[in-house]
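Here is the structure we will look at.
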Amino acid sequence: MSTTAAASATAAWTTLSSVNPRRSSFSALRLPSSLRRSLPSRLLSSSPSCSPLVPVSAMASPAAGETASRKKLIIFDAEEDLAASLAKYTAELSAKLAAERGAFTVVLSGGSLVKALRKLAEPPYLEAVDWSKWHVFWVDERVVPKDHADSNYKLASDEFLSKVPIPADQVHAINDALSSEGAAEDYETRLKQLVKNGVIEMSPVSGFPKFDLMLMGMGPDGHVASLFPGHPVVNENQKWVTFVKDSPKPPPERITFTFPVVNSSAHIALVVTGAGKAGAVHKALSGGQNTADLLPVEMVSLQDGELTWFTDKPAVSMLSSI
């Protein structure tokens, strides 16, 4: 990236941060040396034609009394490279946090995100990751039987969970025998028990559960989890888990984490690829938006954590400064 382009990107993201009530800092992904050594050299090049490492702003220090959230944007030439980097990112967080806490709490979404995790189920990660420390949750789920084609659990199980040795009692799926309202209440109750047991941390900043890593996608309309543009659930600020009976995207009944839980995460990896997402990416990252007309993805604003965008060139094609 040229100096001019980098400066333009910095300006765009600085403008974006200025509309958030909590000051954030933004940077390019800084890979640990162990990760850098194992990545293909072309992923680490500074050449404008192939570098996925895009500096989006200088670091900003939080004001007194504020916490700092950190935001990073990475652009990949190929989906294969994105998947490789996402696997290394997740594996290194797993090693670090499992050693520190004795558990690693991972939240999944549905859609194409699950496919992007496939390299975790391959060597060297299949053998190297301590899967016994993993606890898996869902940021949202469709209220359908677990073996239904629309089930996020089934998708994750078929494509990822069945291929790695996570203990079955540490895979926390919703109770598919309950109504949407009952399933949401039951899931929140189970999360609270896991907080009491010390598996899930509580955020001292927000008072909501603090998951180690949320792996999320984004829809073309800018929705995350089952938090859709203009839907009343985006404003829920008391419950940990809520329900939707009129989703604009089928199936209509779902449960979903609320924004206070999403935004209390220690880390979020937001995987957004394809030209169909370019409009929402442009609105989220270009700055100058009306705070009264935010897309749900723009409402992802960590209290005290790190948000990393894993993207490709088509997804950022409408960002003139990239």
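We name chains A, B, ... following the order of the structure tokens; residues begin at 1 in each chain, and ligands are numbered from 1 as shown.
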
DSSP on the backbone: what in segment 80-136 of chain A comes out strand (DSSP E or B), as a ChimeraX atom specification? /A:104-108,134-136

Between segment 216-257 of chain A and segment 134-138 of chain A, at 12 Å or less, what are the per-residue closest atom pairs and their distances in Å? Count only C-alpha atoms, order by chain and rising residue number, and return it as JSON lines.
{"residue": "A:Met216", "atom": "CA", "partner": "A:Trp138", "partner_atom": "CA", "distance": 9.7}
{"residue": "A:Ala225", "atom": "CA", "partner": "A:Trp138", "partner_atom": "CA", "distance": 8.9}
{"residue": "A:Ser226", "atom": "CA", "partner": "A:Trp138", "partner_atom": "CA", "distance": 10.9}
{"residue": "A:Val241", "atom": "CA", "partner": "A:Trp138", "partner_atom": "CA", "distance": 10.6}
{"residue": "A:Arg254", "atom": "CA", "partner": "A:Trp138", "partner_atom": "CA", "distance": 11.5}
{"residue": "A:Ile255", "atom": "CA", "partner": "A:Trp138", "partner_atom": "CA", "distance": 9.5}
{"residue": "A:Thr256", "atom": "CA", "partner": "A:Trp138", "partner_atom": "CA", "distance": 8.2}
{"residue": "A:Phe257", "atom": "CA", "partner": "A:Trp138", "partner_atom": "CA", "distance": 8.3}

Write a file of the selected residues as a JSON list (two decimals), in the first residue's frame, keeping all heavy atoms.
[["chain", "number", "residue", "atom", "x", "y", "z"],
["A", 216, "MET", "N", -17.57, -15.14, 13.94],
["A", 216, "MET", "CA", -18.84, -14.69, 13.39],
["A", 216, "MET", "C", -18.72, -14.34, 11.92],
["A", 216, "MET", "O", -17.66, -13.96, 11.44],
["A", 216, "MET", "CB", -19.33, -13.45, 14.16],
["A", 216, "MET", "CG", -19.57, -13.69, 15.63],
["A", 216, "MET", "SD", -19.92, -12.14, 16.53],
["A", 216, "MET", "CE", -21.45, -11.66, 15.73],
["A", 225, "ALA", "N", -25.11, -12.53, 13.96],
["A", 225, "ALA", "CA", -25.94, -13.43, 14.77],
["A", 225, "ALA", "C", -27.34, -13.44, 14.15],
["A", 225, "ALA", "O", -27.49, -13.48, 12.94],
["A", 225, "ALA", "CB", -25.91, -13.01, 16.23],
["A", 226, "SER", "N", -28.38, -13.37, 14.99],
["A", 226, "SER", "CA", -29.75, -13.17, 14.46],
["A", 226, "SER", "C", -30.24, -11.79, 14.89],
["A", 226, "SER", "O", -31.37, -11.60, 15.33],
["A", 226, "SER", "CB", -30.69, -14.27, 14.93],
["A", 226, "SER", "OG", -30.48, -15.46, 14.20],
["A", 241, "VAL", "N", -29.49, -13.78, 26.39],
["A", 241, "VAL", "CA", -30.00, -14.49, 25.20],
["A", 241, "VAL", "C", -31.45, -14.11, 25.01],
["A", 241, "VAL", "O", -32.21, -14.07, 25.97],
["A", 241, "VAL", "CB", -29.89, -16.02, 25.38],
["A", 241, "VAL", "CG1", -30.29, -16.75, 24.09],
["A", 241, "VAL", "CG2", -28.49, -16.44, 25.82],
["A", 254, "ARG", "N", -35.80, -18.09, 16.03],
["A", 254, "ARG", "CA", -34.38, -18.21, 16.36],
["A", 254, "ARG", "C", -34.14, -17.76, 17.79],
["A", 254, "ARG", "O", -34.98, -17.08, 18.38],
["A", 254, "ARG", "CB", -33.53, -17.31, 15.45],
["A", 254, "ARG", "CG", -33.64, -17.64, 13.96],
["A", 254, "ARG", "CD", -33.31, -16.43, 13.10],
["A", 254, "ARG", "NE", -33.33, -16.77, 11.68],
["A", 254, "ARG", "CZ", -32.24, -16.90, 10.91],
["A", 254, "ARG", "NH1", -31.05, -16.66, 11.42],
["A", 254, "ARG", "NH2", -32.35, -17.23, 9.65],
["A", 255, "ILE", "N", -32.98, -18.13, 18.33],
["A", 255, "ILE", "CA", -32.49, -17.49, 19.55],
["A", 255, "ILE", "C", -31.16, -16.84, 19.20],
["A", 255, "ILE", "O", -30.48, -17.23, 18.25],
["A", 255, "ILE", "CB", -32.35, -18.45, 20.74],
["A", 255, "ILE", "CG1", -31.14, -19.38, 20.57],
["A", 255, "ILE", "CG2", -33.62, -19.25, 20.95],
["A", 255, "ILE", "CD1", -30.77, -20.12, 21.85],
["A", 256, "THR", "N", -30.78, -15.84, 19.97],
["A", 256, "THR", "CA", -29.54, -15.11, 19.66],
["A", 256, "THR", "C", -28.96, -14.48, 20.91],
["A", 256, "THR", "O", -29.70, -14.07, 21.82],
["A", 256, "THR", "CB", -29.81, -14.02, 18.60],
["A", 256, "THR", "OG1", -28.59, -13.37, 18.25],
["A", 256, "THR", "CG2", -30.79, -12.97, 19.10],
["A", 257, "PHE", "N", -27.63, -14.42, 20.98],
["A", 257, "PHE", "CA", -26.98, -13.59, 21.98],
["A", 257, "PHE", "C", -27.37, -12.14, 21.71],
["A", 257, "PHE", "O", -27.58, -11.73, 20.56],
["A", 257, "PHE", "CB", -25.46, -13.72, 21.89],
["A", 257, "PHE", "CG", -24.90, -14.97, 22.50],
["A", 257, "PHE", "CD1", -25.71, -15.97, 23.02],
["A", 257, "PHE", "CD2", -23.52, -15.16, 22.56],
["A", 257, "PHE", "CE1", -25.18, -17.12, 23.57],
["A", 257, "PHE", "CE2", -22.97, -16.31, 23.10],
["A", 257, "PHE", "CZ", -23.79, -17.30, 23.61]]

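Closest approach to Glu188 of chain A among A:Val233, A:Leu82, A:Ala280, A:Ala173: A:Ala173, based on only C-alpha atoms.
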
How many Å lie between atom CA of Lys313 of chain A and atom CA of Phe160 of chain A, rounded to one decimal? 25.8 Å

With a distance cut-off of 10 Å and only C-alpha atoms, select the neighbouring residues of Gly222 of chain A, excluding the residue or stretch itself and same-chain residues fewer than 4 positions from it, and output the selection as a ChimeraX atom specification. /A:217-218,227-229,277-281,283-284,294-298

Determine which residues of segment 60-157 of chain A receive a DSSP assignment of helix (DSSP H, G or I), computed from the backbone, and state them as a count of residues only. 44

Can you work out which one of A:Met214, A:Glu253, A:Val234, A:Leu108 has the shortest atom-to-atom distance to Leu155 of chain A, counting only C-alpha atoms? A:Leu108

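When the distance limit is 8 Å and only C-alpha atoms are what count, the residues near segment 259-261 of chain A, minus those fewer than 4 positions from it on the same chain, are Ser206, Phe208, Pro209, Lys210, Val234, Asn235, Glu236, Asn237, Gln238, Trp240, Ser265, Met299 and Val300 of chain A.
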
Resulting file, chosen residues, C-alpha atoms, as a PDB file, in the first residue's frame:
ATOM      1  CA  SER A 206     -19.930  -4.679  31.402  1.00  0.00           C
ATOM      2  CA  PHE A 208     -22.037  -9.633  31.055  1.00  0.00           C
ATOM      3  CA  PRO A 209     -20.328 -12.914  30.185  1.00  0.00           C
ATOM      4  CA  LYS A 210     -16.945 -12.565  28.511  1.00  0.00           C
ATOM      5  CA  VAL A 234     -30.941  -5.133  18.514  1.00  0.00           C
ATOM      6  CA  ASN A 235     -31.932  -2.843  21.391  1.00  0.00           C
ATOM      7  CA  GLU A 236     -32.158  -5.565  24.054  1.00  0.00           C
ATOM      8  CA  ASN A 237     -29.712  -4.602  26.802  1.00  0.00           C
ATOM      9  CA  GLN A 238     -30.707  -6.707  29.820  1.00  0.00           C
ATOM     10  CA  TRP A 240     -27.987 -12.439  27.693  1.00  0.00           C
ATOM     11  CA  SER A 265     -16.104 -10.678  24.163  1.00  0.00           C
ATOM     12  CA  MET A 299     -22.992  -2.023  16.561  1.00  0.00           C
ATOM     13  CA  VAL A 300     -20.257  -4.576  17.229  1.00  0.00           C
TER      14      VAL A 300
END
